[in-house]
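Content type compact mmCIF, C-alpha atoms and all ligand atoms, from the file input-v5.txt:
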# COMPACT_ATOMS: atom_id res chain seq x y z
CA MET A 214 -87.93 -36.96 -33.49
CA THR A 215 -86.37 -34.68 -36.07
CA ALA A 216 -86.35 -31.08 -34.85
CA ASP A 217 -85.51 -28.38 -37.38
CA LEU A 218 -81.95 -27.15 -37.44
CA SER A 219 -82.56 -23.59 -36.25
CA THR A 220 -84.27 -24.97 -33.14
CA ILE A 221 -81.29 -27.25 -32.56
CA TRP A 222 -78.87 -24.33 -32.91
CA SER A 223 -80.89 -22.44 -30.29
CA TRP A 224 -80.67 -25.43 -27.95
CA LEU A 225 -76.92 -25.61 -28.47
CA ASP A 226 -76.71 -21.90 -27.70
CA GLU A 227 -77.90 -22.82 -24.18
CA VAL A 228 -75.00 -25.22 -23.59
CA PRO A 229 -72.42 -23.32 -21.53
CA ASP A 230 -68.69 -23.57 -22.02
CA PRO A 231 -67.57 -25.62 -18.99
CA GLU A 232 -64.72 -23.27 -18.10
CA ILE A 233 -66.33 -19.92 -18.97
CA PRO A 234 -70.01 -20.65 -18.28
CA VAL A 235 -71.27 -17.19 -19.31
CA ILE A 236 -70.73 -18.00 -22.97
CA SER A 237 -72.23 -20.89 -24.91
CA VAL A 238 -70.48 -23.42 -27.09
CA VAL A 239 -72.09 -21.64 -30.06
CA ASP A 240 -70.71 -18.25 -28.90
CA LEU A 241 -67.30 -19.86 -28.69
CA GLY A 242 -67.55 -20.84 -32.37
CA ILE A 243 -66.69 -24.48 -31.82
CA VAL A 244 -69.91 -25.96 -33.19
CA ARG A 245 -69.09 -26.05 -36.89
CA ASP A 246 -72.04 -27.91 -38.33
CA VAL A 247 -75.29 -29.60 -37.41
CA ALA A 248 -76.96 -31.97 -39.84
CA TRP A 249 -79.39 -34.86 -39.86
CA GLN A 250 -78.01 -38.10 -41.29
CA GLY A 251 -81.15 -40.21 -41.42
CA ASP A 252 -82.42 -40.34 -37.83
CA THR A 253 -79.02 -39.44 -36.38
CA LEU A 254 -78.07 -35.88 -35.60
CA GLU A 255 -74.45 -35.24 -36.48
CA VAL A 256 -72.76 -32.34 -34.69
CA ALA A 257 -69.31 -31.27 -35.87
CA VAL A 258 -67.25 -29.80 -33.05
CA THR A 259 -63.78 -28.30 -33.36
CA PRO A 260 -61.36 -28.18 -30.41
CA THR A 261 -60.14 -24.76 -29.25
CA TYR A 262 -56.64 -25.87 -28.22
CA SER A 263 -55.48 -29.39 -29.12
CA GLY A 264 -54.84 -30.30 -25.51
CA CYS A 265 -57.78 -28.48 -23.97
CA PRO A 266 -59.27 -30.84 -21.37
CA ALA A 267 -62.65 -29.12 -21.77
CA THR A 268 -63.08 -30.59 -25.26
CA SER A 269 -64.32 -33.99 -24.11
CA VAL A 270 -66.56 -32.40 -21.47
CA ILE A 271 -68.06 -30.15 -24.14
CA ALA A 272 -68.86 -33.13 -26.38
CA MET A 273 -70.55 -34.84 -23.43
CA ASP A 274 -72.51 -31.70 -22.50
CA ILE A 275 -73.76 -31.27 -26.07
CA GLU A 276 -74.86 -34.88 -26.22
CA THR A 277 -76.66 -34.62 -22.88
CA ALA A 278 -78.41 -31.39 -23.86
CA LEU A 279 -79.68 -32.90 -27.09
CA HIS A 280 -80.81 -36.08 -25.34
CA ASP A 281 -82.71 -33.90 -22.86
CA GLN A 282 -84.53 -32.31 -25.81
CA GLY A 283 -85.60 -35.77 -26.96
CA ILE A 284 -83.03 -36.44 -29.65
CA THR A 285 -81.92 -40.03 -29.12
CA ASN A 286 -79.27 -40.53 -31.77
CA VAL A 287 -76.49 -38.00 -31.59
CA ARG A 288 -73.09 -38.36 -33.15
CA ILE A 289 -70.34 -35.88 -32.23
CA LYS A 290 -67.76 -35.55 -34.96
CA THR A 291 -64.40 -33.89 -34.26
CA GLN A 292 -63.38 -31.61 -37.07
CA ILE A 293 -59.93 -30.00 -36.91
CA ALA A 294 -59.81 -28.25 -40.29
CA PRO A 295 -60.03 -25.36 -40.69
CA PRO A 296 -58.49 -24.79 -37.24
CA TRP A 297 -60.48 -22.88 -34.66
CA THR A 298 -59.84 -19.16 -34.50
CA THR A 299 -61.02 -16.56 -32.02
CA ASP A 300 -62.52 -14.74 -35.03
CA TRP A 301 -65.38 -17.22 -34.64
CA LEU A 302 -66.35 -15.86 -31.23
CA SER A 303 -69.77 -14.27 -31.56
CA ASP A 304 -70.38 -10.58 -30.75
CA LYS A 305 -72.75 -11.73 -28.03
CA GLY A 306 -69.96 -13.92 -26.67
CA ARG A 307 -67.45 -11.04 -26.71
CA ALA A 308 -69.85 -8.78 -24.83
CA LYS A 309 -70.53 -11.48 -22.25
CA LEU A 310 -66.83 -12.13 -21.73
CA THR A 311 -66.22 -8.43 -20.97
CA GLU A 312 -69.16 -8.33 -18.59
CA TYR A 313 -67.75 -11.43 -16.84
CA GLY A 314 -64.34 -9.76 -16.41
CA ILE A 315 -62.42 -11.37 -19.27
CA ALA A 316 -61.08 -9.07 -21.98
CA PRO A 317 -62.09 -10.44 -25.40
CA PRO A 318 -59.44 -11.26 -28.03
CA SER A 319 -58.05 -8.45 -30.11
CA PRO A 320 -55.93 -8.74 -33.28
CA ALA A 321 -53.53 -6.25 -31.72
CA GLY A 322 -52.30 -9.17 -29.60
CA GLY A 323 -53.44 -7.74 -26.27
CA PRO A 324 -56.60 -6.45 -24.63
CA ASP A 325 -58.10 -3.13 -25.77
CA ALA A 326 -59.22 -2.11 -22.30
CA CYS A 327 -59.54 -3.31 -18.71
CA PRO A 328 -62.83 -5.25 -18.44
CA ARG A 329 -63.44 -3.77 -14.98
CA CYS A 330 -62.74 -0.04 -15.27
CA GLY A 331 -62.19 0.43 -19.00
CA GLY A 332 -58.67 1.69 -18.37
CA THR A 333 -56.16 1.43 -21.20
CA HIS A 334 -52.88 1.38 -19.26
CA LEU A 335 -52.30 -2.34 -19.27
CA THR A 336 -49.37 -4.66 -18.52
CA ARG A 337 -48.99 -8.27 -19.52
CA ILE A 338 -48.16 -10.51 -16.57
CA SER A 339 -47.98 -13.83 -18.41
CA GLN A 340 -48.65 -15.09 -21.93
CA PHE A 341 -50.61 -17.93 -20.35
CA GLY A 342 -53.42 -18.02 -17.83
CA SER A 343 -55.77 -20.23 -15.90
CA THR A 344 -56.94 -22.10 -19.03
CA PRO A 345 -55.21 -22.71 -22.39
CA CYS A 346 -57.27 -19.97 -24.06
CA LYS A 347 -56.32 -17.16 -21.69
CA ALA A 348 -53.39 -14.90 -20.82
CA HIS A 349 -52.86 -12.94 -17.62
CA TRP A 350 -52.85 -9.12 -17.63
CA ARG A 351 -53.01 -6.27 -15.12
CA CYS A 352 -54.70 -2.91 -15.32
CA ASP A 353 -52.40 -0.09 -14.21
CA ASP A 354 -55.37 2.25 -13.73
CA CYS A 355 -57.39 0.21 -11.22
CA LEU A 356 -54.49 -2.12 -10.37
CA GLU A 357 -56.66 -5.23 -10.73
CA PRO A 358 -55.40 -8.30 -12.55
CA PHE A 359 -57.63 -9.79 -15.23
CA ASP A 360 -57.81 -12.57 -17.81
CA TYR A 361 -57.42 -11.87 -21.50
CA PHE A 362 -58.86 -14.29 -24.05
CA LYS A 363 -55.88 -14.95 -26.34
CA CYS A 364 -56.28 -14.16 -30.01
CA ILE A 365 -55.45 -17.10 -32.26
CA MET B 182 -39.23 -49.43 -47.04
CA THR B 183 -42.79 -49.04 -48.30
CA ASP B 184 -44.45 -45.65 -48.28
CA GLN B 185 -46.82 -46.82 -45.54
CA THR B 186 -43.92 -47.87 -43.32
CA ALA B 187 -42.14 -44.58 -43.94
CA LEU B 188 -45.34 -42.66 -43.21
CA PHE B 189 -45.86 -44.54 -39.95
CA GLU B 190 -42.26 -43.86 -38.91
CA TYR B 191 -42.58 -40.21 -39.85
CA LEU B 192 -45.77 -39.80 -37.83
CA LEU B 193 -44.09 -41.46 -34.85
CA ARG B 194 -41.31 -38.88 -35.11
CA LEU B 195 -43.80 -36.02 -35.08
CA GLY B 196 -45.83 -37.51 -32.23
CA ASP B 197 -42.88 -38.67 -30.15
CA ASN B 198 -41.27 -35.22 -30.32
CA THR B 199 -44.38 -33.59 -28.89
CA LEU B 200 -44.99 -36.42 -26.42
CA VAL B 201 -41.50 -36.50 -24.95
CA LEU B 202 -41.13 -32.72 -24.84
CA GLY B 203 -44.66 -32.37 -23.46
CA HIS B 204 -43.85 -34.81 -20.68
CA ARG B 205 -40.52 -33.14 -19.93
CA VAL B 206 -42.13 -29.71 -19.71
CA SER B 207 -44.91 -31.09 -17.50
CA GLU B 208 -42.25 -32.18 -14.99
CA TRP B 209 -42.08 -28.49 -14.03
CA CYS B 210 -45.69 -28.44 -12.87
CA GLY B 211 -45.63 -27.22 -9.28
CA HIS B 212 -41.86 -26.53 -9.37
CA ALA B 213 -41.39 -23.48 -11.59
CA PRO B 214 -39.62 -20.40 -10.22
CA VAL B 215 -42.81 -18.29 -10.21
CA LEU B 216 -46.49 -19.11 -10.50
CA GLU B 217 -46.96 -17.45 -13.91
CA GLU B 218 -44.14 -19.50 -15.38
CA ASP B 219 -45.52 -22.65 -13.80
CA ILE B 220 -48.84 -22.04 -15.54
CA ALA B 221 -47.14 -21.17 -18.82
CA LEU B 222 -45.08 -24.37 -18.74
CA ALA B 223 -48.12 -26.51 -17.90
CA ASN B 224 -50.12 -24.95 -20.74
CA THR B 225 -47.28 -25.49 -23.19
CA ALA B 226 -47.09 -29.12 -22.11
CA LEU B 227 -50.84 -29.45 -22.56
CA ASP B 228 -50.70 -28.13 -26.13
CA LEU B 229 -47.91 -30.58 -26.94
CA ILE B 230 -49.76 -33.55 -25.45
CA GLY B 231 -52.86 -32.54 -27.43
CA GLN B 232 -50.81 -32.49 -30.61
CA THR B 233 -49.42 -35.90 -29.66
CA GLN B 234 -52.94 -37.33 -29.56
CA MET B 235 -53.48 -36.20 -33.13
CA TRP B 236 -50.11 -37.37 -34.51
CA LEU B 237 -50.04 -40.72 -32.73
CA GLY B 238 -53.75 -41.22 -33.41
CA LEU B 239 -53.03 -40.85 -37.11
CA ALA B 240 -49.94 -43.09 -36.78
CA GLY B 241 -52.16 -45.80 -35.30
CA GLU B 242 -54.63 -45.44 -38.17
CA VAL B 243 -51.86 -45.67 -40.75
CA GLU B 244 -50.30 -48.68 -39.05
CA ASN B 245 -53.72 -50.34 -39.04
CA ALA B 246 -52.80 -52.80 -36.29
CA GLY B 247 -55.39 -51.65 -33.78
CA ARG B 248 -53.02 -49.50 -31.71
CA SER B 249 -54.44 -46.25 -30.35
CA ALA B 250 -52.47 -43.08 -29.55
CA ASP B 251 -52.46 -44.18 -25.90
CA ASP B 252 -51.14 -47.64 -26.79
CA LEU B 253 -48.32 -46.11 -28.79
CA ALA B 254 -47.47 -43.63 -26.05
CA MET B 255 -47.64 -45.99 -23.09
CA HIS B 256 -46.74 -49.45 -24.37
CA ARG B 257 -43.66 -48.94 -26.48
CA ASP B 258 -40.13 -49.44 -25.15
CA VAL B 259 -37.40 -46.88 -25.35
CA TRP B 260 -35.87 -48.28 -28.58
CA ASP B 261 -39.22 -47.87 -30.35
CA PHE B 262 -39.34 -44.13 -29.71
CA ARG B 263 -38.54 -41.87 -32.64
CA ASN B 264 -38.14 -38.47 -31.02
CA LEU B 265 -35.17 -36.16 -31.46
CA LEU B 266 -32.45 -36.42 -28.82
CA LEU B 267 -32.93 -32.72 -28.04
CA VAL B 268 -36.41 -33.12 -26.55
CA GLU B 269 -35.48 -35.99 -24.22
CA GLN B 270 -32.67 -34.02 -22.55
CA PRO B 271 -33.35 -33.31 -18.87
CA ASN B 272 -34.87 -30.01 -17.83
CA GLY B 273 -31.79 -28.74 -15.99
CA ASP B 274 -32.47 -25.27 -14.62
CA PHE B 275 -35.26 -23.03 -15.88
CA GLY B 276 -32.93 -21.41 -18.42
CA GLN B 277 -31.92 -24.77 -19.87
CA THR B 278 -35.58 -25.78 -20.21
CA LEU B 279 -36.40 -22.57 -22.06
CA MET B 280 -33.32 -22.83 -24.28
CA ARG B 281 -34.34 -26.38 -25.26
CA GLN B 282 -37.86 -25.10 -25.90
CA CYS B 283 -36.65 -22.21 -28.02
CA LEU B 284 -34.39 -24.40 -30.18
CA PHE B 285 -37.20 -26.90 -30.70
CA ASP B 286 -39.89 -24.23 -31.24
CA ALA B 287 -37.84 -22.50 -33.95
CA PHE B 288 -37.53 -25.84 -35.77
CA HIS B 289 -41.13 -26.84 -35.04
CA VAL B 290 -42.65 -23.61 -36.41
CA GLU B 291 -40.77 -23.97 -39.69
CA LEU B 292 -41.53 -27.69 -39.98
CA LEU B 293 -45.27 -27.25 -39.31
CA THR B 294 -45.42 -24.33 -41.74
CA ASP B 295 -44.17 -26.66 -44.47
CA LEU B 296 -46.41 -29.53 -43.37
CA THR B 297 -49.52 -27.36 -43.82
CA ASN B 298 -48.86 -27.91 -47.55
CA ALA B 299 -48.40 -31.68 -47.23
CA SER B 300 -49.95 -33.82 -49.96
CA ASP B 301 -51.75 -35.77 -47.21
CA ASP B 302 -54.76 -33.70 -46.03
CA ARG B 303 -54.77 -35.31 -42.59
CA ILE B 304 -51.21 -34.18 -41.97
CA ALA B 305 -51.86 -30.70 -43.34
CA ALA B 306 -54.87 -30.31 -41.01
CA ILE B 307 -52.99 -31.33 -37.87
CA ALA B 308 -50.05 -29.10 -38.84
CA ALA B 309 -52.34 -26.08 -39.34
CA LYS B 310 -53.93 -26.66 -35.94
CA ALA B 311 -50.61 -27.18 -34.16
CA LEU B 312 -48.89 -24.26 -35.89
CA LYS B 313 -51.14 -21.72 -34.16
CA GLU B 314 -50.17 -23.06 -30.76
CA VAL B 315 -46.50 -23.50 -31.56
CA THR B 316 -46.18 -19.95 -32.92
CA TYR B 317 -47.28 -18.81 -29.49
CA HIS B 318 -44.76 -21.13 -27.82
CA LEU B 319 -41.94 -19.64 -29.89
CA ASP B 320 -43.01 -16.10 -28.99
CA ARG B 321 -42.70 -16.95 -25.35
CA SER B 322 -39.54 -19.10 -25.44
CA SER B 323 -37.65 -16.63 -27.64
CA GLU B 324 -38.65 -13.67 -25.45
CA THR B 325 -37.51 -15.56 -22.37
CA VAL B 326 -34.20 -16.59 -23.93
CA ILE B 327 -33.62 -12.95 -24.91
CA GLY B 328 -34.64 -11.67 -21.48
CA LEU B 329 -32.41 -14.10 -19.60
CA GLY B 330 -29.50 -13.99 -22.08
CA ASP B 331 -29.41 -10.20 -22.00
CA GLY B 332 -30.17 -10.15 -18.27
CA THR B 333 -27.89 -10.36 -15.26
CA ASP B 334 -24.39 -11.85 -15.29
CA GLU B 335 -25.79 -14.94 -13.64
CA SER B 336 -28.67 -15.44 -16.07
CA HIS B 337 -26.41 -14.73 -19.04
CA ARG B 338 -23.88 -17.29 -17.84
CA ARG B 339 -26.57 -19.93 -17.36
CA MET B 340 -28.13 -19.32 -20.78
CA GLN B 341 -24.76 -19.55 -22.52
CA ALA B 342 -24.07 -22.81 -20.67
CA ALA B 343 -27.47 -24.16 -21.73
CA LEU B 344 -26.83 -23.23 -25.34
CA ASP B 345 -23.37 -24.85 -25.29
CA LEU B 346 -24.84 -28.00 -23.74
CA LEU B 347 -27.78 -28.33 -26.15
CA TRP B 348 -26.23 -27.16 -29.41
CA PRO B 349 -24.85 -30.62 -30.37
CA TYR B 350 -28.47 -31.83 -30.50
CA VAL B 351 -29.54 -29.25 -33.10
CA GLY B 352 -27.97 -30.97 -36.11
CA GLU B 353 -30.13 -34.09 -35.82
CA MET B 354 -33.25 -32.07 -36.67
CA PHE B 355 -31.84 -31.30 -40.11
CA THR B 356 -30.03 -34.52 -41.00
CA PRO B 357 -32.19 -36.39 -43.52
CA ASP B 358 -32.38 -40.17 -43.65
CA ALA B 359 -34.36 -42.72 -45.69
CA VAL B 360 -37.65 -41.88 -43.93
CA ASP B 361 -37.24 -38.14 -44.55
CA ASP B 362 -36.33 -38.79 -48.18
CA ALA B 363 -39.32 -41.07 -48.77
CA MET B 364 -41.66 -38.54 -47.19
CA ARG B 365 -40.17 -35.74 -49.20
CA ALA B 366 -40.65 -37.74 -52.39
CA ALA B 367 -44.28 -38.31 -51.36
CA GLY B 368 -44.84 -34.54 -51.12
CA ILE B 369 -45.16 -34.58 -47.33
CA ALA B 370 -41.86 -33.68 -45.68
CA PRO B 371 -39.91 -30.53 -46.51
CA ASP B 372 -36.35 -30.10 -47.76
CA LEU B 373 -34.34 -30.09 -44.53
CA ASN B 374 -31.59 -27.89 -45.99
CA ASP B 375 -34.12 -25.22 -46.72
CA LEU B 376 -35.61 -25.68 -43.25
CA ARG B 377 -32.16 -25.32 -41.70
CA ALA B 378 -31.60 -22.01 -43.47
CA ARG B 379 -34.86 -20.62 -42.09
CA PHE B 380 -34.09 -22.01 -38.63
CA ASP B 381 -30.65 -20.36 -38.67
CA THR B 382 -32.13 -17.01 -39.63
CA ARG B 383 -34.53 -17.16 -36.70
CA ILE B 384 -32.06 -18.50 -34.15
CA ASP B 385 -29.26 -16.12 -35.18
CA ALA B 386 -31.57 -13.16 -34.63
CA ILE B 387 -32.70 -14.45 -31.24
CA LEU B 388 -29.17 -15.26 -30.04
CA THR B 389 -27.82 -11.90 -31.18
CA GLU B 390 -30.53 -10.07 -29.27
CA ALA B 391 -29.89 -12.35 -26.30
CA THR B 392 -26.15 -11.47 -26.47
CA LEU B 393 -25.36 -15.18 -26.63
CA ALA B 394 -22.60 -16.73 -28.75
CA LYS B 395 -23.60 -19.52 -31.09
CA PRO B 396 -21.17 -22.44 -30.64
CA GLU B 397 -18.67 -22.87 -33.47
CA SER B 398 -18.76 -26.66 -33.64
CA ALA B 399 -21.13 -28.25 -36.14
CA TYR B 400 -20.80 -31.66 -34.43
CA ALA B 401 -24.22 -33.30 -34.28
CA GLN B 402 -25.35 -36.11 -32.01
CA SER B 403 -27.65 -38.57 -33.74
CA GLY B 404 -29.73 -41.68 -33.07
CA GLY B 405 -32.97 -40.29 -31.65
CA LYS B 406 -35.30 -40.01 -34.62
CA THR B 407 -34.02 -43.27 -36.12
CA GLY B 408 -34.29 -44.97 -32.72
CA PHE B 409 -30.76 -46.28 -33.19
CA ARG B 410 -29.47 -44.91 -29.89
CA HIS B 411 -31.35 -42.68 -27.49
CA SER B 412 -29.54 -40.97 -24.66
CA GLU B 413 -29.78 -42.63 -21.24
CA HIS B 414 -32.32 -40.01 -20.17
CA LEU B 415 -35.27 -41.25 -22.23
CA GLY B 416 -35.52 -44.64 -20.52
CA HIS B 417 -35.60 -43.00 -17.10
CA MET B 418 -38.29 -40.62 -18.27
CA LEU B 419 -40.43 -43.48 -19.61
CA THR B 420 -40.31 -45.29 -16.28
CA GLN B 421 -42.13 -42.27 -14.85
CA MET B 422 -44.42 -41.57 -17.79
CA GLN B 423 -45.48 -45.14 -18.45
CA TRP B 424 -45.49 -46.76 -15.04
CA LEU B 425 -49.23 -46.64 -14.46
CA GLN B 426 -50.15 -48.20 -17.79
CA ARG B 427 -47.38 -50.75 -17.38
CA ALA B 428 -48.46 -51.69 -13.86
CA TYR B 429 -52.20 -51.59 -14.62
CA PRO B 430 -52.59 -52.07 -18.39
CA GLY B 431 -55.75 -50.50 -19.77
CA ALA B 432 -56.53 -48.58 -16.58
CA THR B 433 -58.87 -45.63 -17.19
CA TRP B 434 -60.43 -42.94 -15.05
ZN ZN C 1 -58.94 -1.43 -14.63

I'd like the structure from this file rewritten - as structure tokens, please.
Amino acid sequence: MTADLSTIWSWLDEVPDPEIPVISVVDLGIVRDVAWQGDTLEVAVTPTYSGCPATSVIAMDIETALHDQGITNVRIKTQIAPPWTTDWLSDKGRAKLTEYGIAPPSPAGGPDACPRCGGTHLTRISQFGSTPCKAHWRCDDCLEPFDYFKCI
Amino acid sequence: MTDQTALFEYLLRLGDNTLVLGHRVSEWCGHAPVLEEDIALANTALDLIGQTQMWLGLAGEVENAGRSADDLAMHRDVWDFRNLLLVEQPNGDFGQTLMRQCLFDAFHVELLTDLTNASDDRIAAIAAKALKEVTYHLDRSSETVIGLGDGTDESHRRMQAALDLLWPYVGEMFTPDAVDDAMRAAGIAPDLNDLRARFDTRIDAILTEATLAKPESAYAQSGGKTGFRHSEHLGHMLTQMQWLQRAYPGATW
């Protein structure tokens, strides 16, 4: 079967990121291209961080999701150039991150506001966090710690 | 030396630096002084191991002998490693680990910046990817060196001792040999004198802010990137890093 590409993109938009399941792999900006090569669907995926262990899980999840939609021949191609940037996060993805309690990336190099109370008195606890893509911050207004999606 | 041989050697240098340092840094996992630093060290190690997969993967392709990144990482002996002596030095205390990181990061950022313009697109692509991560590493390691250098008497003393201990390993990064020259002629590797000048500018600024004194001696240990003579530490590290693949070759999970 050869589904049209916009349908395929909408299917991929249902595949959750394994570590931050409220956003999809499309929201994350890591699906770079989808194209039919004969009867094989080629999906170009770019890693977020080079060592991110989620990358191989993501490739597997994409393949499974497409198989479930009846596409038998899927080829996942890793594409590292141009390198992934948080500029590719969708607006929908940014909104969902905030709702989930993760401050979205900001070019200022730190979160704009606390994702819980909206407070702007913020302190960085660590440049790194629970996954390669996050840093650890604290809100000095509500005193809660929170994750910040690093801007790269 | 053919260009292909030089390219293979050069890629081993890039991949072995990130592999050996990545493994060293991962030795802190579960042992760092505070949880945040433990996580930061583990994430840094993860980035470096990810970069290793790309560099050694490309090395395997260039060699064209059927060796994967894993084969190169796990089935070579100590004399076949091409990493700088600096990155194989033991972790020491937390300050020594971060001083080693800072010295390497300052070099690594400048090197990768140049490699993004390499005549080989594959190398330029990996460098561009790695540079984003390594820029972040340098932010952290330089801030920590400054914080601890300009900290308490105890932390200052330890950072100065770490700098004095590691400084003789800095020169090797900038000492060109036949592989560097061949890669430079091929439009891949940068001019190491120029790189050294940019490294010095960065490191001088960091050390000044950290109130640390740069050692006077320009004596440079050598033998890591050529594989001529590694320090005794690398072999011990490999017995840990490689034991599973050596005991159970080809094991997967
Ligand atoms: Zn808050």

- Need the neighbours of (-46.4, -48.5, -46.8): which residues are at most 12 Å away, counting all atoms listed in the file, as a VMD selection string? chain B and resid 182 to 191 240 243 to 245 360 363 to 364 367

Save the residues we just selected, C-alpha atoms, as a short mmCIF file (atom, residue, chain, number, x, y, z; two decimals), in the frame of the given file?
data_model
loop_
_atom_site.label_atom_id
_atom_site.label_comp_id
_atom_site.auth_asym_id
_atom_site.auth_seq_id
_atom_site.Cartn_x
_atom_site.Cartn_y
_atom_site.Cartn_z
CA MET B 182 -39.23 -49.43 -47.04
CA THR B 183 -42.79 -49.04 -48.30
CA ASP B 184 -44.45 -45.65 -48.28
CA GLN B 185 -46.82 -46.82 -45.54
CA THR B 186 -43.92 -47.87 -43.32
CA ALA B 187 -42.14 -44.58 -43.94
CA LEU B 188 -45.34 -42.66 -43.21
CA PHE B 189 -45.86 -44.54 -39.95
CA GLU B 190 -42.26 -43.86 -38.91
CA TYR B 191 -42.58 -40.21 -39.85
CA ALA B 240 -49.94 -43.09 -36.78
CA VAL B 243 -51.86 -45.67 -40.75
CA GLU B 244 -50.30 -48.68 -39.05
CA ASN B 245 -53.72 -50.34 -39.04
CA VAL B 360 -37.65 -41.88 -43.93
CA ALA B 363 -39.32 -41.07 -48.77
CA MET B 364 -41.66 -38.54 -47.19
CA ALA B 367 -44.28 -38.31 -51.36
#

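Comparing A:Thr333, A:Ser303, A:Ser219, A:Thr291 by their smallest distance to chain B, the closest is A:Thr291 (using all atoms listed in the file).
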
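Identified as lying at most 9 Å from ligand ZN 1 (chain C) when counting all atoms listed in the file are the residues Ala326, Cys327, Pro328, Arg329, Cys330, Gly331, Gly332, Thr333, His334, Leu335, Arg351, Cys352, Asp353, Asp354, Cys355, Leu356, Glu357, Pro358 and Phe359 of chain A.
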
- Check the smallest atom-to-atom distance from each of B:Phe275, B:Phe285, B:Trp424, B:Tyr317 to chain A using all atoms listed in the file, then report the winner. B:Tyr317

- Item | Within 6 Å of chain B: residues of chain A, using all atoms listed in the file, as a ChimeraX atom specification | /A:263-264,294,296,339,341,345

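Interatomic distance, CA of His204 in chain B to CA of Ala250 in chain B: 14.9 Å.
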
- Excluding range 271-274 of chain A and any residue of its chain fewer than 5 positions from it, enumerate the residues within 8 Å of it, using only C-alpha atoms, and give them as a PyMOL selection string. chain A and resi 228+230-231+238+258+289

- re CA of Leu319 in chain B and CA of Gln282 in chain B: distance 7.9 Å

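Between CA of Arg337 in chain A and CA of Val215 in chain B there is a distance of 15.0 Å.
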
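Of the listed residues (A:Gln282, A:Arg288, A:Glu255, A:Pro318), A:Pro318 comes nearest to Gly306 in chain A; the distances count all atoms listed in the file.
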
- Message: Residues proximal to (-40.4, -14.7, -31.9) were defined as those with any atom within 12 Å of that point in the file's coordinates, counting all atoms listed in the file. Which are they, as JSON, numbers by chain?
- Response: {"B": [283, 284, 286, 287, 290, 315, 316, 317, 318, 319, 320, 321, 322, 323, 324, 325, 326, 327, 380, 382, 383, 384, 385, 386, 387, 388, 390]}
